[in-house]
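**Student:** Attaching a single structure in structure tokens format; questions to follow.
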Amino acid sequence: MNFDEAVGFYHSLTRFGVKPGLERIEALCAELGEPQKKFKCVHVAGTNGKGSTCTVIASVLRAAGYRVGLYTSPYVLEFRERIQLNGELIPKDVLCSVTQRVAEALETVNARGIFPTEFEAVTAAAFLFYAQSGCDIAVLETGLGGRFDATNIIDSPIASVITSVSLDHTAVLGETVGKIAWEKAGIIKPNRPVITSVRQPREASEVIEKCAKENGSELITVDDAKMFETVSETLFGSDVIYRGNKLHIPFGGEHQRENISLCIACFDVLRNSGFGIPDKAVQNGIANAFIPARTEIMCREPIIILDGSHNMSSTAALAALLKEYLPEQKAVAVMGMMADKDISSSLDNLLPCFSEVIATTPSNPRAMDSDSFACLVRKKGCASIAEKEPCKAVDTAFERAVKLHSAVVVCGSLYLAADVREHMRNEINRRFGAAADAVK
């Protein structure tokens with residue numbers, strides 16, 4: 001099996017769709033020798049902020065000298081982003097060998113009438129890789145929900161972390177914040193600490209508190225406003241004081257300080273469990289953390305932002321960032337979203353920040369077509385044109401921004417971010433040269 005065949009194997013399983021439940025991943029991992037029981041982990045669920053939180057926790061643990069696995073989804077540029085070890089993508093040859101074993105195990109369980117989904121197969125592959133690689137700890141991000149998410153077959157995480165909960169995937173998780181919180185709180189394990197924020201909606205916090213109590217789990221509720229003394233805040237990040245130490249948070253936006261506060265609380269739990277995490281590792285790990293397409297500043301002059309915000313809560317956070325740090329100008333936007341998202345609310349959040357929207361169609365069958373998207377934007381009172389091809393939409397936005405001396409914001413979907421990020425890098429370097437020093 002070569003690399004393309006390995007990736008193709010996982011993608012071939014999309015025909016089974018999304019089916020919450022643990023019986024399939026349990027059967028698959030049983031065939032693989034229960035790899036999920038052979039490494040320690042931190043488990044992270046939530047609607048928004050999971051990826052950033054997982055990335056920072058892994059970065060700090062790595063800075064502290066540990067061998068750290070990081071499992072996230074979805075990927076932005078390459079499939080292997082989902083399975084990382086010590087900041088490196090799983091090697092292609094290792095992915096092939098692990099996938100071969102997963103494919104053989106899957107064939108066995110299929111014969112019994114059990115058909116694992118794509119996410120379940122990828123999760124099993126990650127577990128197998130971490131078990132084989134001897135990692136000290138893995139940081140695991142749930143894919144959808146928590147209670148019946150494939151990652152939730154782990155027995156006893158050192159800590160469970162629940163980031164911001166809001167409405168998303170309502171067709172699967174429920175139509176209220178309380179129901180969604182109940183699904184997320186399913187990652188809480190008996191007698192294991194759970195960490196969340198005081199910023200949670202009351203309906204969510206009540207559910208999390210109830211689930212923690214039922215499991216005999218210590219509930220650690222973090223208030224970032226009390227935790228940090230803010231020194232400076234810019235579009236490019238913020239500097240804060242924590243326990244007498246200066247921390248640079250390389251992500252813009254108040255919501256990111258909330259995510260970092262959850263990480264800080266997690267480090268205290270990890271220390272109590274025997275992990276040595278010096279203050280210097282916390283400083284360096286946070287400062288060096290990077291995750292693409294999360295309010296990513298790709299160029300400083302002009303300001304060009306790539307963001308994967310795709311629901312009401314995350315677009316509100318992006319809008320707050322733009323209003324605070326770019327109050328005197330309205331940006332040219334490139335937007336495309338999945339048709340099953342709350343597009344109307346997301347547009348209500350963002351359109352006041354934009355002078356015009358170049359509507360495009362992300363390369364996903366669930367995407368709203370660009371013409372329909374542009375029509376919806378215009379109905380809400382903002383100028384918009386349709387450009388079906390995402391990279392052409394970016395080119396159009398860059399040209400408009402130069403004429404208008406405006407910022408550019410590309411947002412609406414991580415699928416869109418995956419479509420255009422590499423093209424954006426190349427075009428920024430070609431068009432703006434030295435001004436593109438923000439591009440990673």
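As shown in the structure tokens, the chain order sets the letters A, B, ...; within each chain, residues go from 1, and ligands are also counted from 1 in the order they appear.
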Extract, using only C-alpha atoms, all DNA, RNA and protein residues at most 7 Å from segment 315-325 of chain A, discarding same-chain residues fewer than 4 positions from it, and format them as a ChimeraX atom specification.
**Tutor:** /A:234-235,253,255,309-311,346,349-350,353
**Student:** Tell me, as a list in words, which residues lie within 9 Å of Val122 of chain A, counting only C-alpha atoms; anything in the same chain fewer than 3 positions away does not count.
**Tutor:**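 In the requested form, the answer reads Tyr10, Arg82, Ile83, Thr99, Val102, Thr117, Glu118, Phe119, Ala125, Ala126 and Phe127 of chain A.
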**Student:** Would you save the residues from that selection as an mmCIF file, in the first residue's frame, using C-alpha atoms?
**Tutor:**
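Below is the file that was written, selection.cif:
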data_model
loop_
_atom_site.group_PDB
_atom_site.id
_atom_site.type_symbol
_atom_site.label_atom_id
_atom_site.label_comp_id
_atom_site.auth_asym_id
_atom_site.auth_seq_id
_atom_site.Cartn_x
_atom_site.Cartn_y
_atom_site.Cartn_z
ATOM 1 C CA TYR A 10 -9.917 6.262 4.403
ATOM 2 C CA ARG A 82 -4.561 14.887 11.656
ATOM 3 C CA ILE A 83 -1.967 12.551 13.175
ATOM 4 C CA THR A 99 -3.212 1.800 7.466
ATOM 5 C CA VAL A 102 -6.272 -1.008 10.058
ATOM 6 C CA THR A 117 -16.718 4.987 9.273
ATOM 7 C CA GLU A 118 -13.844 7.058 7.907
ATOM 8 C CA PHE A 119 -13.345 8.961 11.162
ATOM 9 C CA ALA A 125 -4.850 4.401 12.983
ATOM 10 C CA ALA A 126 -3.835 7.285 15.256
ATOM 11 C CA PHE A 127 -4.236 5.135 18.360
#
**Student:** Just the number, please: distance in Å from atom CA of Ile162 of chain A to atom CA of Ile208 of chain A, one decimal.
**Tutor:**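 Between atom CA of Ile162 of chain A and atom CA of Ile208 of chain A the gap works out to 8.6 Å.
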**Student:** Calculate how many Å separate atom CA of Glu183 of chain A from atom CA of Cys29 of chain A, rounding to one decimal.
**Tutor:**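 So the two atoms, atom CA of Glu183 of chain A and atom CA of Cys29 of chain A, lie 22.3 Å apart.
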**Student:** Can you pull out the residues contacting Leu106 of chain A? Cut-off 12 Å, using only C-alpha atoms, and skip same-chain residues under 5 positions away; I want them as a list in words.
**Tutor:**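 Counting only the stated atoms, we get Phe9, Tyr10, Leu13, Arg24, Ile25, Glu26, Ala27, Leu28, Cys29, Ala30, Glu31, Leu32, Thr99, Gln100, Arg101, Ala111, Arg112, Gly113, Ile114, Phe115, Pro116, Thr117, Glu118, Glu120, Ala121, Val122, Ala124 and Ala125 of chain A.
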**Student:** Could you check the closest approach to Asp342 of chain A for each of A:Ile187, A:Leu128, A:Met312, A:Leu85 and tell me which residue wins, using only C-alpha atoms?
**Tutor:** A:Met312
**Student:** Find the residues near Glu214 of chain A: any atom within 12 Å, counting only C-alpha atoms, skip ones fewer than 2 places away on the same chain, and give them as an mmCIF file with all heavy atoms, in the first residue's frame.
**Tutor:**
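This went into around-v4.cif:
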data_model
loop_
_atom_site.group_PDB
_atom_site.id
_atom_site.type_symbol
_atom_site.label_atom_id
_atom_site.label_comp_id
_atom_site.auth_asym_id
_atom_site.auth_seq_id
_atom_site.Cartn_x
_atom_site.Cartn_y
_atom_site.Cartn_z
ATOM 1 N N ALA A 185 -20.086 16.760 27.214
ATOM 2 C CA ALA A 185 -19.737 16.315 28.567
ATOM 3 C C ALA A 185 -19.632 14.798 28.667
ATOM 4 O O ALA A 185 -19.183 14.281 29.700
ATOM 5 C CB ALA A 185 -20.773 16.837 29.561
ATOM 6 N N GLY A 186 -19.966 14.113 27.601
ATOM 7 C CA GLY A 186 -19.815 12.657 27.587
ATOM 8 C C GLY A 186 -18.366 12.210 27.676
ATOM 9 O O GLY A 186 -18.088 11.030 27.930
ATOM 10 N N ILE A 188 -16.363 13.232 29.975
ATOM 11 C CA ILE A 188 -15.992 13.220 31.389
ATOM 12 C C ILE A 188 -15.954 11.779 31.880
ATOM 13 O O ILE A 188 -16.902 11.018 31.695
ATOM 14 C CB ILE A 188 -16.992 14.045 32.219
ATOM 15 C CG1 ILE A 188 -16.977 15.510 31.762
ATOM 16 C CG2 ILE A 188 -16.668 13.956 33.705
ATOM 17 C CD1 ILE A 188 -18.060 16.364 32.408
ATOM 18 N N LYS A 189 -14.849 11.408 32.496
ATOM 19 C CA LYS A 189 -14.675 10.038 32.982
ATOM 20 C C LYS A 189 -14.689 10.019 34.512
ATOM 21 O O LYS A 189 -14.314 11.007 35.162
ATOM 22 C CB LYS A 189 -13.347 9.471 32.478
ATOM 23 C CG LYS A 189 -13.277 9.325 30.954
ATOM 24 C CD LYS A 189 -14.301 8.329 30.437
ATOM 25 C CE LYS A 189 -14.070 7.980 28.968
ATOM 26 N NZ LYS A 189 -14.221 9.137 28.081
ATOM 27 N N PRO A 190 -15.098 8.905 35.098
ATOM 28 C CA PRO A 190 -15.183 8.818 36.560
ATOM 29 C C PRO A 190 -13.867 9.178 37.247
ATOM 30 O O PRO A 190 -12.804 8.675 36.880
ATOM 31 C CB PRO A 190 -15.552 7.349 36.802
ATOM 32 C CG PRO A 190 -16.294 6.952 35.560
ATOM 33 C CD PRO A 190 -15.594 7.678 34.444
ATOM 34 N N ASN A 191 -13.971 10.082 38.208
ATOM 35 C CA ASN A 191 -12.846 10.461 39.076
ATOM 36 C C ASN A 191 -11.673 11.086 38.331
ATOM 37 O O ASN A 191 -10.542 11.082 38.833
ATOM 38 C CB ASN A 191 -12.360 9.240 39.873
ATOM 39 C CG ASN A 191 -13.479 8.600 40.675
ATOM 40 O OD1 ASN A 191 -14.181 9.279 41.412
ATOM 41 N ND2 ASN A 191 -13.659 7.299 40.490
ATOM 42 N N ARG A 192 -11.929 11.626 37.152
ATOM 43 C CA ARG A 192 -10.878 12.329 36.411
ATOM 44 C C ARG A 192 -11.266 13.796 36.286
ATOM 45 O O ARG A 192 -12.426 14.113 36.014
ATOM 46 C CB ARG A 192 -10.676 11.733 35.017
ATOM 47 C CG ARG A 192 -10.354 10.251 34.987
ATOM 48 C CD ARG A 192 -9.209 9.885 35.902
ATOM 49 N NE ARG A 192 -8.009 10.677 35.640
ATOM 50 C CZ ARG A 192 -7.009 10.805 36.497
ATOM 51 N NH1 ARG A 192 -7.077 10.248 37.694
ATOM 52 N NH2 ARG A 192 -5.952 11.532 36.173
ATOM 53 N N VAL A 207 -25.101 21.720 32.699
ATOM 54 C CA VAL A 207 -25.001 20.327 32.245
ATOM 55 C C VAL A 207 -23.628 19.752 32.578
ATOM 56 O O VAL A 207 -23.515 18.618 33.070
ATOM 57 C CB VAL A 207 -25.266 20.247 30.726
ATOM 58 C CG1 VAL A 207 -24.927 18.853 30.202
ATOM 59 C CG2 VAL A 207 -26.709 20.591 30.418
ATOM 60 N N ILE A 208 -22.578 20.520 32.317
ATOM 61 C CA ILE A 208 -21.215 20.051 32.599
ATOM 62 C C ILE A 208 -21.051 19.795 34.086
ATOM 63 O O ILE A 208 -20.469 18.771 34.502
ATOM 64 C CB ILE A 208 -20.190 21.079 32.086
ATOM 65 C CG1 ILE A 208 -20.240 21.154 30.561
ATOM 66 C CG2 ILE A 208 -18.774 20.719 32.551
ATOM 67 C CD1 ILE A 208 -19.480 22.328 29.967
ATOM 68 N N GLU A 209 -21.558 20.700 34.908
ATOM 69 C CA GLU A 209 -21.460 20.526 36.366
ATOM 70 C C GLU A 209 -22.191 19.265 36.821
ATOM 71 O O GLU A 209 -21.687 18.507 37.650
ATOM 72 C CB GLU A 209 -22.044 21.758 37.063
ATOM 73 C CG GLU A 209 -21.934 21.709 38.577
ATOM 74 C CD GLU A 209 -22.461 22.962 39.247
ATOM 75 O OE1 GLU A 209 -22.824 23.915 38.522
ATOM 76 O OE2 GLU A 209 -22.504 22.998 40.490
ATOM 77 N N LYS A 210 -23.357 19.028 36.264
ATOM 78 C CA LYS A 210 -24.144 17.841 36.628
ATOM 79 C C LYS A 210 -23.407 16.568 36.229
ATOM 80 O O LYS A 210 -23.329 15.607 37.020
ATOM 81 C CB LYS A 210 -25.509 17.910 35.947
ATOM 82 C CG LYS A 210 -26.447 16.755 36.273
ATOM 83 C CD LYS A 210 -27.817 17.002 35.633
ATOM 84 C CE LYS A 210 -28.806 15.907 36.018
ATOM 85 N NZ LYS A 210 -28.506 14.621 35.383
ATOM 86 N N CYS A 211 -22.850 16.528 35.030
ATOM 87 C CA CYS A 211 -22.134 15.340 34.560
ATOM 88 C C CYS A 211 -20.876 15.092 35.392
ATOM 89 O O CYS A 211 -20.533 13.939 35.694
ATOM 90 C CB CYS A 211 -21.779 15.488 33.086
ATOM 91 S SG CYS A 211 -23.196 15.408 31.968
ATOM 92 N N ALA A 212 -20.184 16.169 35.758
ATOM 93 C CA ALA A 212 -18.990 16.022 36.587
ATOM 94 C C ALA A 212 -19.359 15.431 37.948
ATOM 95 O O ALA A 212 -18.685 14.523 38.458
ATOM 96 C CB ALA A 212 -18.300 17.365 36.754
ATOM 97 N N GLY A 216 -18.216 11.822 39.818
ATOM 98 C CA GLY A 216 -17.278 12.017 40.909
ATOM 99 C C GLY A 216 -16.007 12.707 40.438
ATOM 100 O O GLY A 216 -14.916 12.467 40.983
ATOM 101 N N SER A 217 -16.145 13.570 39.449
ATOM 102 C CA SER A 217 -14.995 14.214 38.825
ATOM 103 C C SER A 217 -14.844 15.647 39.334
ATOM 104 O O SER A 217 -15.822 16.390 39.412
ATOM 105 C CB SER A 217 -15.149 14.236 37.304
ATOM 106 O OG SER A 217 -15.304 12.926 36.799
ATOM 107 N N GLU A 218 -13.625 16.024 39.641
ATOM 108 C CA GLU A 218 -13.361 17.397 40.041
ATOM 109 C C GLU A 218 -13.628 18.322 38.855
ATOM 110 O O GLU A 218 -13.115 18.112 37.758
ATOM 111 C CB GLU A 218 -11.908 17.555 40.485
ATOM 112 C CG GLU A 218 -11.547 18.984 40.868
ATOM 113 C CD GLU A 218 -10.065 19.183 41.111
ATOM 114 O OE1 GLU A 218 -9.286 18.235 40.850
ATOM 115 O OE2 GLU A 218 -9.689 20.285 41.556
ATOM 116 N N LEU A 219 -14.431 19.366 39.078
ATOM 117 C CA LEU A 219 -14.718 20.341 38.038
ATOM 118 C C LEU A 219 -13.885 21.589 38.285
ATOM 119 O O LEU A 219 -14.002 22.231 39.324
ATOM 120 C CB LEU A 219 -16.207 20.696 38.031
ATOM 121 C CG LEU A 219 -16.644 21.772 37.037
ATOM 122 C CD1 LEU A 219 -16.347 21.358 35.604
ATOM 123 C CD2 LEU A 219 -18.130 22.097 37.212
#
**Student:** If you run DSSP on this backbone, which residues of segment 285-403 of chain A come out as strand (DSSP E), and could you give them as number ranges by chain?
**Tutor:** A: 296-300, 303-306, 331-335, 354-359, 383-386
**Student:** When you draw a straight line from atom CA of Glu23 of chain A to atom CA of Asp155 of chain A, how long is it in Å?
**Tutor:** 14.6 Å
**Student:** When DSSP works through the backbone of this structure, what residues of segment 121-342 of chain A end up as helix (DSSP H, G or I), shown as an MDAnalysis selection string?
**Tutor:** chainID A and resid 121:133 150:153 170:173 177:187 202:214 224:227 254:272 279:287 312:325
**Student:** For Leu61 of chain A, list every protein, DNA or RNA residue within 9 Å, evaluated using only C-alpha atoms, and leave out those in the same chain fewer than 5 positions away; present the list as a list in words.
**Tutor:**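 The contact residues come out as Val56, Tyr66, Arg67, Val68, Ile137, Phe267, Phe275, Gly276, Ile277, Ala281, Val282 and Gly285 of chain A.
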**Student:** Excluding segment 225-233 of chain A and residues on its chain fewer than 5 positions from it, collect all residues at most 9 Å away from it, counting only C-alpha atoms, and give them as a PyMOL selection string.
**Tutor:** chain A and resi 238-243+246+252-253+257-258+261
**Student:** Rank nothing, just name the residue among A:Asn288, A:Asn48, A:Gln256, A:Ser205 nearest to Gly145 of chain A, using only C-alpha atoms.
**Tutor:**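 Between A:Asn288, A:Asn48, A:Gln256, A:Ser205, the residue approaching Gly145 of chain A most closely is A:Asn48.
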**Student:** Considering only C-alpha atoms, can you say which of A:Gln329, A:Asn426, A:Ser166, A:Thr72 comes closest to Trp182 of chain A?
**Tutor:**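 For Trp182 of chain A, the nearest of the candidates is A:Ser166.
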**Student:** Name the closest residue to Gly51 of chain A among the candidates A:Ile158, A:Met298, A:Cys135, A:Leu414; distances are taken between atoms, counting only C-alpha atoms.
**Tutor:** A:Leu414
